[in-house]
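Written below as structure tokens is the structure these notes are about.
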Number of protein chains: 2
Amino acid sequence: MMHARDITWSKTEKSVARVAFDLAYRRECEAISKRINDMIRDIANPGDIWRLHDFLSEKREEIDEKYDYRYSVLIFVFARLIKEGWLKASDLGGLHEDKVARIIALANM
Amino acid sequence: MMHARDITWSKTEKSVARVAFDLAYRRECEAISKRINDMIRDIANPGDIWRLHDFLSEKREEIDEKYDYRYSVLIFVFARLIKEGWLKASDLGGLHEDKVARIIALANM
């Protein structure tokens with residue numbers, strides 16, 4: 001079986017990948033932003049501020065780890081983003097069908 | 001000159017100190033909360049979320065360091081809180097006048 005690091009990305013595919021990657025990032029950050037708004041609305045005591053801080057620390061670490069734009073791991077990144085709902089298969093239109101099939105297979109694991 | 005660590009606190013003074021300390025803490029956390037609201041309103045892109053996180057990290061560290069309720073350092077803590085505007089001298093009514101004078105002198109340094 002071919003290793004993810006050996007998969008090649010055409011110039012067109014790189015553009016599609018970049019757009020999809022940024023789209024997922026934006027969607028997830030918008031969801032975090034919405035969640036912050038909810039938490040802010042419920043702030044009643046100082047402890048709630050630090051709970052918001054804990055939430056952001058956790059999210060930042062998760063996002064930093066998840067959004068890794070190296071072609072050697074991008075297949076796995078996209079699979080995770082689909083699994084978590086930040087991307088749909090249709091966002092990957094323009095990638096070679098083998099890549100999309102592989103990403104979806106990984107997402108369904 | 002008497003060291004701050006040798007200053008004694010009567011039972012009444014301990015109650016006054018606790019109330020003043022908690023009041024300052026609440027005021028400062030309310031100010032942070034207000035600031036968070038302003039920052040949230042201006043969130044336009046993901047970077048703004050991480051700027052909010054940086055702000056909260058910094059404030060948490062500052063607050064953890066500042067609000068030190070040990071009688072050996074309380075004179076200095078109150079002086080700082082007055083200097084920064086989180087306490088007024090009138091919030092310390094009930095402390096021995098020597099203590100208040102000392103706190104105010106330190107705050108004006």
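Here, A, B, ... name the chains of the structure tokens in the order displayed, residue numbers run from 1 inside each chain, and ligands are numbered from 1 in the same displayed order.
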Identify every residue of chain B that has at least one atom within 8 Å of any atom of chain A, counting only C-alpha atoms, and report the result as a list in words.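 Applying the cut-off to the listed atoms yields Arg26, Cys29, Glu30, Ser33, Ile36, Asn37, Ile40, Ile43, Pro46, Ile49, Trp50, His53, Leu56, Ser57 and Arg60 of chain B.
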Just to be explicit: take each residue in the selection above, keep N, CA, C and O atoms, and write the result as a PDB file, in the first residue's frame.
ATOM      1  N   ARG B  26     -13.210  41.052  42.993  1.00  0.00           N
ATOM      2  CA  ARG B  26     -14.455  41.069  42.210  1.00  0.00           C
ATOM      3  C   ARG B  26     -14.448  42.230  41.221  1.00  0.00           C
ATOM      4  O   ARG B  26     -14.807  42.074  40.059  1.00  0.00           O
ATOM      5  N   CYS B  29     -12.065  41.499  38.355  1.00  0.00           N
ATOM      6  CA  CYS B  29     -12.610  40.469  37.453  1.00  0.00           C
ATOM      7  C   CYS B  29     -13.769  41.031  36.633  1.00  0.00           C
ATOM      8  O   CYS B  29     -13.944  40.654  35.466  1.00  0.00           O
ATOM      9  N   GLU B  30     -14.540  41.922  37.225  1.00  0.00           N
ATOM     10  CA  GLU B  30     -15.621  42.547  36.444  1.00  0.00           C
ATOM     11  C   GLU B  30     -15.040  43.397  35.310  1.00  0.00           C
ATOM     12  O   GLU B  30     -15.593  43.444  34.209  1.00  0.00           O
ATOM     13  N   SER B  33     -13.977  41.081  32.641  1.00  0.00           N
ATOM     14  CA  SER B  33     -15.173  40.590  31.979  1.00  0.00           C
ATOM     15  C   SER B  33     -15.695  41.611  30.960  1.00  0.00           C
ATOM     16  O   SER B  33     -16.070  41.245  29.843  1.00  0.00           O
ATOM     17  N   ILE B  36     -13.408  41.587  28.013  1.00  0.00           N
ATOM     18  CA  ILE B  36     -13.657  40.410  27.161  1.00  0.00           C
ATOM     19  C   ILE B  36     -14.833  40.697  26.239  1.00  0.00           C
ATOM     20  O   ILE B  36     -14.798  40.403  25.045  1.00  0.00           O
ATOM     21  N   ASN B  37     -15.871  41.295  26.804  1.00  0.00           N
ATOM     22  CA  ASN B  37     -17.046  41.630  25.993  1.00  0.00           C
ATOM     23  C   ASN B  37     -16.684  42.534  24.824  1.00  0.00           C
ATOM     24  O   ASN B  37     -17.171  42.335  23.710  1.00  0.00           O
ATOM     25  N   ILE B  40     -14.751  40.470  22.265  1.00  0.00           N
ATOM     26  CA  ILE B  40     -15.650  39.543  21.571  1.00  0.00           C
ATOM     27  C   ILE B  40     -16.412  40.268  20.480  1.00  0.00           C
ATOM     28  O   ILE B  40     -16.582  39.767  19.369  1.00  0.00           O
ATOM     29  N   ILE B  43     -14.426  40.535  17.342  1.00  0.00           N
ATOM     30  CA  ILE B  43     -13.820  39.357  16.714  1.00  0.00           C
ATOM     31  C   ILE B  43     -14.246  39.274  15.243  1.00  0.00           C
ATOM     32  O   ILE B  43     -15.424  39.189  14.928  1.00  0.00           O
ATOM     33  N   PRO B  46      -9.985  34.556  12.966  1.00  0.00           N
ATOM     34  CA  PRO B  46      -9.475  33.625  13.978  1.00  0.00           C
ATOM     35  C   PRO B  46      -8.379  34.225  14.871  1.00  0.00           C
ATOM     36  O   PRO B  46      -8.325  33.937  16.060  1.00  0.00           O
ATOM     37  N   ILE B  49      -9.402  35.555  18.175  1.00  0.00           N
ATOM     38  CA  ILE B  49      -9.676  34.579  19.245  1.00  0.00           C
ATOM     39  C   ILE B  49      -8.407  34.330  20.044  1.00  0.00           C
ATOM     40  O   ILE B  49      -8.422  34.300  21.269  1.00  0.00           O
ATOM     41  N   TRP B  50      -7.300  34.173  19.322  1.00  0.00           N
ATOM     42  CA  TRP B  50      -6.039  33.870  20.027  1.00  0.00           C
ATOM     43  C   TRP B  50      -5.508  35.105  20.747  1.00  0.00           C
ATOM     44  O   TRP B  50      -4.822  34.987  21.765  1.00  0.00           O
ATOM     45  N   HIS B  53      -7.244  34.936  23.908  1.00  0.00           N
ATOM     46  CA  HIS B  53      -6.605  33.922  24.747  1.00  0.00           C
ATOM     47  C   HIS B  53      -5.317  34.468  25.383  1.00  0.00           C
ATOM     48  O   HIS B  53      -5.076  34.279  26.578  1.00  0.00           O
ATOM     49  N   LEU B  56      -6.222  36.765  28.225  1.00  0.00           N
ATOM     50  CA  LEU B  56      -6.660  36.049  29.422  1.00  0.00           C
ATOM     51  C   LEU B  56      -5.497  35.336  30.119  1.00  0.00           C
ATOM     52  O   LEU B  56      -5.447  35.280  31.346  1.00  0.00           O
ATOM     53  N   SER B  57      -4.566  34.812  29.343  1.00  0.00           N
ATOM     54  CA  SER B  57      -3.390  34.140  29.937  1.00  0.00           C
ATOM     55  C   SER B  57      -2.598  35.136  30.776  1.00  0.00           C
ATOM     56  O   SER B  57      -2.182  34.840  31.902  1.00  0.00           O
ATOM     57  N   ARG B  60      -4.577  36.214  33.905  1.00  0.00           N
ATOM     58  CA  ARG B  60      -4.651  35.153  34.908  1.00  0.00           C
ATOM     59  C   ARG B  60      -3.351  35.079  35.702  1.00  0.00           C
ATOM     60  O   ARG B  60      -3.359  34.938  36.925  1.00  0.00           O
TER      61      ARG B  60
END
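If you count only C-alpha atoms and ignore residues fewer than 2 places along the chain from region 15-22 of chain B, what sits within 10 Å of it is B:Trp9, B:Ser10, B:Lys11, B:Thr12, B:Glu13, B:Ala24, B:Tyr25, B:Arg26, B:Arg27, B:Glu28, B:Tyr67, B:Asp68, B:Tyr69, B:Tyr71, B:Leu74, B:Ile75, B:Val77, B:Phe78, B:Leu81, B:Trp86, B:Leu87, B:Lys88, B:Ala89, B:Ser90, B:Asp91, B:Leu92, B:Gly93, B:Gly94, B:Leu95.
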I need the residues in region 6-95 of chain B that are alpha helix (DSSP H) according to DSSP; give them as a ChimeraX atom specification. /B:11-41,46-66,74-83
Which residues are close to region 100-103 of chain B, i.e. within 6 Å by only C-alpha atoms, leaving aside same-chain residues fewer than 3 positions away? Reply as a PDB file with C-alpha atoms, in the first residue's frame.
ATOM      1  CA  ILE B  75       0.008  45.438  53.524  1.00  0.00           C
ATOM      2  CA  ALA B  79      -1.070  49.182  48.678  1.00  0.00           C
ATOM      3  CA  GLU B  97      -5.121  53.638  61.560  1.00  0.00           C
ATOM      4  CA  LEU B 106       3.227  52.474  50.209  1.00  0.00           C
TER       5      LEU B 106
END
